[in-house]
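final-v8.cif (mmCIF, C-alpha atoms and all ligand atoms) appears below.
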```
data_coords
loop_
_atom_site.label_atom_id
_atom_site.label_comp_id
_atom_site.auth_asym_id
_atom_site.auth_seq_id
_atom_site.Cartn_x
_atom_site.Cartn_y
_atom_site.Cartn_z
CA MET A 1 93.38 100.10 81.06
CA GLY A 2 94.22 98.21 77.94
CA PRO A 3 92.64 95.77 75.52
CA PRO A 4 92.04 92.13 76.52
CA GLY A 5 95.39 90.42 76.81
CA ALA A 6 97.35 93.65 77.29
CA GLY A 7 98.72 92.28 80.56
CA LYS A 8 96.62 94.38 82.92
CA GLY A 9 96.21 91.69 85.56
CA THR A 10 99.90 90.83 85.68
CA GLN A 11 101.00 94.45 85.87
CA ALA A 12 98.23 95.35 88.32
CA THR A 13 99.64 92.88 90.83
CA HIS A 14 103.14 94.37 90.54
CA ILE A 15 101.89 97.95 90.88
CA ALA A 16 99.71 97.09 93.87
CA ASP A 17 102.64 95.37 95.63
CA HIS A 18 104.89 98.35 94.93
CA PHE A 19 102.44 100.85 96.43
CA LYS A 20 101.17 98.42 99.10
CA ILE A 21 97.54 98.76 98.07
CA PRO A 22 95.01 96.14 96.98
CA ALA A 23 94.58 95.39 93.27
CA ILE A 24 90.86 95.20 92.62
CA SER A 25 90.16 93.24 89.46
CA THR A 26 86.51 93.14 88.41
CA GLY A 27 87.22 90.17 86.13
CA ASP A 28 88.81 88.23 89.01
CA ILE A 29 85.92 89.00 91.34
CA PHE A 30 83.40 87.89 88.73
CA ARG A 31 85.34 84.69 88.07
CA ALA A 32 85.69 83.91 91.79
CA ASN A 33 81.94 84.37 92.20
CA ALA A 34 81.24 82.22 89.17
CA THR A 35 83.40 79.42 90.58
CA ALA A 36 81.69 79.71 93.97
CA GLY A 37 78.29 79.68 92.26
CA THR A 38 76.98 82.82 93.96
CA PRO A 39 74.00 84.62 92.39
CA LEU A 40 76.37 87.41 91.27
CA GLY A 41 78.68 84.82 89.71
CA GLN A 42 75.84 83.08 87.94
CA GLU A 43 74.65 86.32 86.42
CA ALA A 44 78.15 87.49 85.45
CA GLN A 45 79.01 84.16 83.89
CA ARG A 46 76.20 84.50 81.34
CA TYR A 47 77.89 87.62 79.96
CA MET A 48 81.51 86.57 80.41
CA VAL A 49 81.25 83.38 78.37
CA ALA A 50 79.96 85.44 75.45
CA GLY A 51 82.63 88.11 75.86
CA GLU A 52 79.96 90.70 76.70
CA TYR A 53 80.24 93.24 79.49
CA VAL A 54 78.39 92.51 82.68
CA PRO A 55 75.66 95.19 83.04
CA ASP A 56 76.85 98.46 84.59
CA LYS A 57 74.39 98.23 87.46
CA VAL A 58 75.78 94.90 88.63
CA THR A 59 79.41 95.89 88.13
CA ASN A 60 79.07 99.31 89.77
CA LEU A 61 77.43 97.91 92.87
CA MET A 62 80.13 95.29 93.22
CA VAL A 63 82.93 97.87 92.95
CA ARG A 64 81.14 100.19 95.35
CA HIS A 65 81.11 97.45 97.98
CA ARG A 66 84.67 96.41 97.31
CA ILE A 67 86.22 99.85 97.71
CA ASP A 68 84.33 100.23 100.94
CA GLU A 69 86.37 97.39 102.49
CA PRO A 70 88.93 98.53 105.10
CA ASP A 71 91.96 97.40 103.07
CA ALA A 72 91.04 99.88 100.31
CA GLU A 73 90.96 102.84 102.65
CA PRO A 74 94.60 103.94 102.08
CA GLY A 75 94.11 103.63 98.31
CA PHE A 76 93.58 101.00 95.65
CA LEU A 77 94.29 100.01 92.10
CA LEU A 78 91.39 99.19 89.81
CA ASP A 79 92.00 96.61 87.11
CA GLY A 80 89.26 96.31 84.49
CA TYR A 81 87.13 99.13 85.81
CA PRO A 82 85.82 101.53 84.57
CA ARG A 83 85.12 100.06 81.15
CA THR A 84 82.21 102.25 80.02
CA LEU A 85 81.49 105.98 80.15
CA ALA A 86 78.68 105.29 82.61
CA GLN A 87 81.17 103.51 84.88
CA VAL A 88 83.50 106.52 84.70
CA GLU A 89 80.73 108.72 86.08
CA GLU A 90 79.79 106.18 88.68
CA LEU A 91 83.40 105.88 89.83
CA ASP A 92 83.67 109.66 90.15
CA GLY A 93 80.65 109.61 92.45
CA MET A 94 81.92 106.68 94.48
CA ILE A 95 85.31 108.15 95.22
CA ALA A 96 83.91 111.58 95.93
CA PHE A 97 81.93 109.78 98.61
CA THR A 98 84.81 107.73 100.03
CA GLY A 99 87.20 110.70 99.92
CA HIS A 100 89.62 109.18 97.43
CA ARG A 101 90.80 110.76 94.20
CA LEU A 102 92.13 109.36 90.96
CA ASP A 103 95.88 109.90 90.79
CA VAL A 104 96.64 108.28 87.48
CA VAL A 105 95.21 106.14 84.72
CA VAL A 106 97.67 103.73 83.17
CA VAL A 107 96.90 102.46 79.70
CA LEU A 108 98.89 99.60 78.22
CA THR A 109 99.24 99.78 74.46
CA VAL A 110 99.78 96.54 72.55
CA ASP A 111 99.79 95.19 69.07
CA ALA A 112 96.44 93.56 68.10
CA GLU A 113 98.07 90.57 66.40
CA GLU A 114 100.27 89.80 69.37
CA ILE A 115 97.25 89.85 71.64
CA VAL A 116 95.24 87.07 70.04
CA GLY A 117 98.27 84.79 70.30
CA ARG A 118 98.77 85.68 73.96
CA LEU A 119 95.12 85.06 74.80
CA LEU A 120 94.94 81.73 73.02
CA GLN A 121 98.05 80.67 74.92
CA ARG A 122 96.48 81.82 78.18
CA SER A 123 93.40 79.72 77.48
CA GLU A 124 95.62 76.64 77.49
CA VAL A 125 97.33 77.61 80.73
CA GLU A 126 94.41 79.02 82.72
CA GLY A 127 91.47 77.41 80.98
CA ARG A 128 89.42 80.61 80.94
CA THR A 129 86.16 79.95 79.10
CA ASP A 130 86.22 83.40 77.49
CA ASP A 131 89.57 82.85 75.76
CA THR A 132 88.26 81.17 72.59
CA GLU A 133 88.96 82.90 69.29
CA ASP A 134 85.36 84.09 68.67
CA VAL A 135 84.92 85.38 72.18
CA ILE A 136 88.32 87.09 72.11
CA ARG A 137 87.26 88.88 68.93
CA ARG A 138 84.03 90.04 70.56
CA ARG A 139 85.92 91.29 73.62
CA GLN A 140 88.30 93.22 71.37
CA GLU A 141 85.38 94.73 69.48
CA LEU A 142 83.70 95.80 72.72
CA TYR A 143 86.94 97.28 73.99
CA ALA A 144 87.24 99.39 70.84
CA GLU A 145 83.60 100.51 70.99
CA GLU A 146 82.97 100.97 74.69
CA THR A 147 86.28 101.28 76.50
CA ALA A 148 88.80 102.90 74.14
CA PRO A 149 86.88 106.24 74.29
CA LEU A 150 87.71 106.39 78.01
CA VAL A 151 91.35 106.95 77.10
CA GLU A 152 90.46 110.38 75.69
CA VAL A 153 88.34 111.23 78.72
CA TYR A 154 91.25 110.60 81.06
CA ARG A 155 93.73 112.24 78.69
CA ASP A 156 91.61 115.40 78.84
CA ARG A 157 91.71 115.22 82.61
CA GLY A 158 95.51 115.05 82.50
CA LEU A 159 95.56 111.68 84.27
CA LEU A 160 96.72 109.45 81.45
CA VAL A 161 100.03 107.63 81.37
CA GLU A 162 100.51 105.54 78.24
CA ILE A 163 102.87 102.60 78.51
CA ASP A 164 104.18 100.36 75.77
CA GLY A 165 102.90 96.94 76.84
CA MET A 166 104.99 94.95 74.35
CA GLY A 167 107.97 92.84 75.30
CA GLU A 168 108.97 91.12 78.52
CA VAL A 169 106.70 91.40 81.56
CA GLY A 170 109.58 92.76 83.65
CA ASP A 171 110.42 95.42 81.10
CA VAL A 172 106.82 96.61 81.02
CA THR A 173 106.77 96.73 84.84
CA THR A 174 109.95 98.84 84.83
CA ARG A 175 108.39 101.26 82.33
CA ILE A 176 105.29 101.58 84.51
CA PHE A 177 107.25 102.15 87.72
CA THR A 178 109.45 104.75 86.05
CA SER A 179 106.38 106.73 84.98
CA LEU A 180 104.44 106.27 88.21
CA ASP A 181 107.32 107.28 90.44
CA VAL A 182 107.38 110.58 88.56
CA VAL A 183 103.64 110.99 89.20
CA ALA A 184 104.07 110.01 92.87
CA GLN A 185 106.74 112.67 93.36
CA SER A 186 104.78 115.46 91.70
P1 LIG B 1 90.41 91.02 80.11
O1 LIG B 1 91.35 91.90 80.84
O2 LIG B 1 91.08 89.89 79.41
O3 LIG B 1 89.48 91.78 79.21
P2 LIG B 1 88.94 90.67 82.59
O4 LIG B 1 89.39 89.58 83.48
O5 LIG B 1 89.28 92.06 83.00
O6 LIG B 1 89.47 90.30 81.16
O7 LIG B 1 87.34 90.62 82.42
C1 LIG B 1 86.69 89.43 82.03
C2 LIG B 1 85.21 89.68 81.80
O8 LIG B 1 84.58 90.17 83.01
C3 LIG B 1 84.88 90.76 80.76
O9 LIG B 1 84.92 90.27 79.45
C4 LIG B 1 83.45 91.15 81.21
O10 LIG B 1 82.50 90.19 80.83
C5 LIG B 1 83.56 91.11 82.72
N1 LIG B 1 83.95 92.44 83.25
C6 LIG B 1 85.10 92.74 83.91
N2 LIG B 1 85.13 94.03 84.26
C7 LIG B 1 83.98 94.59 83.82
C8 LIG B 1 83.44 95.90 83.82
N3 LIG B 1 84.09 96.92 84.39
N4 LIG B 1 82.22 96.09 83.27
C9 LIG B 1 81.56 95.09 82.71
N5 LIG B 1 82.02 93.84 82.63
C10 LIG B 1 83.22 93.57 83.16
#
```

Would you give me this structure, written as structure tokens?
Ligand code: ADP
Amino acid sequence: MGPPGAGKGTQATHIADHFKIPAISTGDIFRANATAGTPLGQEAQRYMVAGEYVPDKVTNLMVRHRIDEPDAEPGFLLDGYPRTLAQVEELDGMIAFTGHRLDVVVVLTVDAEEIVGRLLQRSEVEGRTDDTEDVIRRRQELYAEETAPLVEVYRDRGLLVEIDGMGEVGDVTTRIFTSLDVVAQS
């Protein structure tokens, strides 16, 4: 978890490689569908361009199908899901069904000012349509309203690992690995 621009996608890839599990990014799946012009992509795109969350029903169903794929059987990393309290409940149900359990929830903490700069820079590199200043602001607002409360939920469950997401990508990765290896050994 972490606000838009916290570096979730980048770090998710490193963590997934380290533990040899797939990184499942809801944002990436939505974007791939949007590019391919599938019905799911067309629906998701309407919300994404405005910085709004795709409705829970759509997102939950997509994740349910994805974690049912054979490559997710040994375990998986979710990037960008859950983002709402309803999704937390839904995920609990899904993994109870598949026989998985949540080991850890990593939250990347970053400075709000730094983030807008990072995202505007990303928009130049990647050309994401949701990286304009207005839309970034809306995504930050939604994160604060809808997603930040999840941090407390997972803290109460004793699953939370908070990582300072500032600085070099490699340094952040090292911080994450150091914490996760402790979790993996316990
Ligand atoms: P970021 O990490 O910068 O916030 P993502 O790539 O994770 O961006 O997500 C991009 C967009 O995809 C979100 O703004 C939202 O519209 C949609 N999305 C991704 N994950 C979810 C989710 N779990 N629930 C609802 N919408 C989502």

What is the CA of Val135 (chain A) to CA of Met166 (chain A) distance in Å?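 Rounded to one decimal, the two atoms are 22.3 Å apart.
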
Set the distance at 12 Å and use all atoms listed in the file: which residues neighbour Ala32 (chain A) once local chain neighbours fewer than 6 positions away are removed? I'd like the list as a PyMOL selection string. chain A and resi 25-26+38-42+44-45+128

Residues as selected, C-alpha atoms, written as a PDB file, keeping the file's coordinate frame, can you do that?
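Final output, result33.pdb:
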```pdb
ATOM      1  CA  SER A  25      90.160  93.240  89.460  1.00  0.00           C
ATOM      2  CA  THR A  26      86.510  93.140  88.410  1.00  0.00           C
ATOM      3  CA  THR A  38      76.980  82.820  93.960  1.00  0.00           C
ATOM      4  CA  PRO A  39      74.000  84.620  92.390  1.00  0.00           C
ATOM      5  CA  LEU A  40      76.370  87.410  91.270  1.00  0.00           C
ATOM      6  CA  GLY A  41      78.680  84.820  89.710  1.00  0.00           C
ATOM      7  CA  GLN A  42      75.840  83.080  87.940  1.00  0.00           C
ATOM      8  CA  ALA A  44      78.150  87.490  85.450  1.00  0.00           C
ATOM      9  CA  GLN A  45      79.010  84.160  83.890  1.00  0.00           C
ATOM     10  CA  ARG A 128      89.420  80.610  80.940  1.00  0.00           C
TER      11      ARG A 128
END
```

Name the closest residue to ligand LIG 1 (chain B) among the candidates A:Asp56, A:Glu152, A:Glu133, A:Glu43; distances are taken between atoms, counting only C-alpha atoms and all ligand atoms.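 Ranked by minimum distance to ligand LIG 1 (chain B), first place goes to A:Asp56.
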
Contacts of ligand LIG 1 (chain B), 7 Å or closer, all atoms listed in the file, given as a ChimeraX atom specification: /A:3-5,8-9,25-28,30,44,47-48,51-56,59,79-84,139

At what distance in Å, to one decimal, does CA of Pro22 (chain A) lie from CA of Pro74 (chain A)?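 Distance between the two atoms: 9.3 Å.
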
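Distance check against Leu77 (chain A) using all atoms listed in the file: of A:Leu102, A:Val116, A:Val169, A:Val153, the minimum falls on A:Leu102.
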
Using all atoms listed in the file, which residue out of A:Ser186, A:Thr109, A:Gly117, A:Lys57 lies closest to Gly7 (chain A)? A:Thr109

Between CA of Gln11 (chain A) and CA of Glu69 (chain A), what is the spacing in Å?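 We find that CA of Glu69 (chain A) and CA of Gln11 (chain A) lie 22.3 Å from each other.
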
Can you fill out region 84-101 of chain A with N, CA, C and O atoms and hand it back as a PDB file, in the frame of the given file?
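What ended up in rebuild31.pdb:
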```pdb
ATOM      1  N   THR A  84      83.206 101.524  80.823  1.00  0.00           N
ATOM      2  CA  THR A  84      82.210 102.250  80.020  1.00  0.00           C
ATOM      3  C   THR A  84      82.152 103.691  80.545  1.00  0.00           C
ATOM      4  O   THR A  84      82.577 103.956  81.677  1.00  0.00           O
ATOM      5  N   LEU A  85      81.597 104.580  79.713  1.00  0.00           N
ATOM      6  CA  LEU A  85      81.490 105.980  80.150  1.00  0.00           C
ATOM      7  C   LEU A  85      80.596 106.093  81.386  1.00  0.00           C
ATOM      8  O   LEU A  85      80.866 106.891  82.276  1.00  0.00           O
ATOM      9  N   ALA A  86      79.557 105.261  81.437  1.00  0.00           N
ATOM     10  CA  ALA A  86      78.680 105.290  82.610  1.00  0.00           C
ATOM     11  C   ALA A  86      79.449 104.881  83.869  1.00  0.00           C
ATOM     12  O   ALA A  86      79.232 105.432  84.952  1.00  0.00           O
ATOM     13  N   GLN A  87      80.365 103.937  83.723  1.00  0.00           N
ATOM     14  CA  GLN A  87      81.170 103.510  84.880  1.00  0.00           C
ATOM     15  C   GLN A  87      82.142 104.609  85.310  1.00  0.00           C
ATOM     16  O   GLN A  87      82.453 104.740  86.495  1.00  0.00           O
ATOM     17  N   VAL A  88      82.616 105.398  84.353  1.00  0.00           N
ATOM     18  CA  VAL A  88      83.500 106.520  84.700  1.00  0.00           C
ATOM     19  C   VAL A  88      82.762 107.469  85.636  1.00  0.00           C
ATOM     20  O   VAL A  88      83.281 107.878  86.683  1.00  0.00           O
ATOM     21  N   GLU A  89      81.538 107.802  85.267  1.00  0.00           N
ATOM     22  CA  GLU A  89      80.730 108.720  86.080  1.00  0.00           C
ATOM     23  C   GLU A  89      80.444 108.139  87.446  1.00  0.00           C
ATOM     24  O   GLU A  89      80.508 108.820  88.466  1.00  0.00           O
ATOM     25  N   GLU A  90      80.107 106.864  87.432  1.00  0.00           N
ATOM     26  CA  GLU A  90      79.790 106.180  88.680  1.00  0.00           C
ATOM     27  C   GLU A  90      81.008 106.178  89.614  1.00  0.00           C
ATOM     28  O   GLU A  90      80.887 106.451  90.798  1.00  0.00           O
ATOM     29  N   LEU A  91      82.171 105.901  89.030  1.00  0.00           N
ATOM     30  CA  LEU A  91      83.400 105.880  89.830  1.00  0.00           C
ATOM     31  C   LEU A  91      83.676 107.271  90.429  1.00  0.00           C
ATOM     32  O   LEU A  91      84.057 107.381  91.597  1.00  0.00           O
ATOM     33  N   ASP A  92      83.468 108.297  89.628  1.00  0.00           N
ATOM     34  CA  ASP A  92      83.670 109.660  90.150  1.00  0.00           C
ATOM     35  C   ASP A  92      82.819 109.878  91.393  1.00  0.00           C
ATOM     36  O   ASP A  92      83.294 110.424  92.387  1.00  0.00           O
ATOM     37  N   GLY A  93      81.565 109.446  91.317  1.00  0.00           N
ATOM     38  CA  GLY A  93      80.650 109.610  92.450  1.00  0.00           C
ATOM     39  C   GLY A  93      81.091 108.808  93.655  1.00  0.00           C
ATOM     40  O   GLY A  93      81.092 109.295  94.791  1.00  0.00           O
ATOM     41  N   MET A  94      81.506 107.571  93.391  1.00  0.00           N
ATOM     42  CA  MET A  94      81.920 106.680  94.480  1.00  0.00           C
ATOM     43  C   MET A  94      83.095 107.242  95.253  1.00  0.00           C
ATOM     44  O   MET A  94      83.122 107.231  96.474  1.00  0.00           O
ATOM     45  N   ILE A  95      84.101 107.723  94.513  1.00  0.00           N
ATOM     46  CA  ILE A  95      85.310 108.150  95.220  1.00  0.00           C
ATOM     47  C   ILE A  95      85.145 109.537  95.820  1.00  0.00           C
ATOM     48  O   ILE A  95      85.823 109.875  96.782  1.00  0.00           O
ATOM     49  N   ALA A  96      84.214 110.307  95.279  1.00  0.00           N
ATOM     50  CA  ALA A  96      83.910 111.580  95.930  1.00  0.00           C
ATOM     51  C   ALA A  96      83.339 111.262  97.314  1.00  0.00           C
ATOM     52  O   ALA A  96      83.634 111.928  98.308  1.00  0.00           O
ATOM     53  N   PHE A  97      82.565 110.197  97.362  1.00  0.00           N
ATOM     54  CA  PHE A  97      81.930 109.780  98.610  1.00  0.00           C
ATOM     55  C   PHE A  97      82.940 109.203  99.606  1.00  0.00           C
ATOM     56  O   PHE A  97      82.910 109.517 100.792  1.00  0.00           O
ATOM     57  N   THR A  98      83.861 108.369  99.112  1.00  0.00           N
ATOM     58  CA  THR A  98      84.810 107.730 100.030  1.00  0.00           C
ATOM     59  C   THR A  98      85.977 108.668 100.379  1.00  0.00           C
ATOM     60  O   THR A  98      86.766 108.369 101.276  1.00  0.00           O
ATOM     61  N   GLY A  99      86.114 109.762  99.636  1.00  0.00           N
ATOM     62  CA  GLY A  99      87.200 110.700  99.920  1.00  0.00           C
ATOM     63  C   GLY A  99      88.500 110.368  99.199  1.00  0.00           C
ATOM     64  O   GLY A  99      89.537 110.944  99.500  1.00  0.00           O
ATOM     65  N   HIS A 100      88.435 109.457  98.225  1.00  0.00           N
ATOM     66  CA  HIS A 100      89.620 109.180  97.430  1.00  0.00           C
ATOM     67  C   HIS A 100      89.651 110.102  96.214  1.00  0.00           C
ATOM     68  O   HIS A 100      88.679 110.807  95.941  1.00  0.00           O
ATOM     69  N   ARG A 101      90.782 110.085  95.501  1.00  0.00           N
ATOM     70  CA  ARG A 101      90.800 110.760  94.200  1.00  0.00           C
ATOM     71  C   ARG A 101      91.628 109.919  93.234  1.00  0.00           C
ATOM     72  O   ARG A 101      92.484 109.137  93.664  1.00  0.00           O
TER      73      ARG A 101
END
```
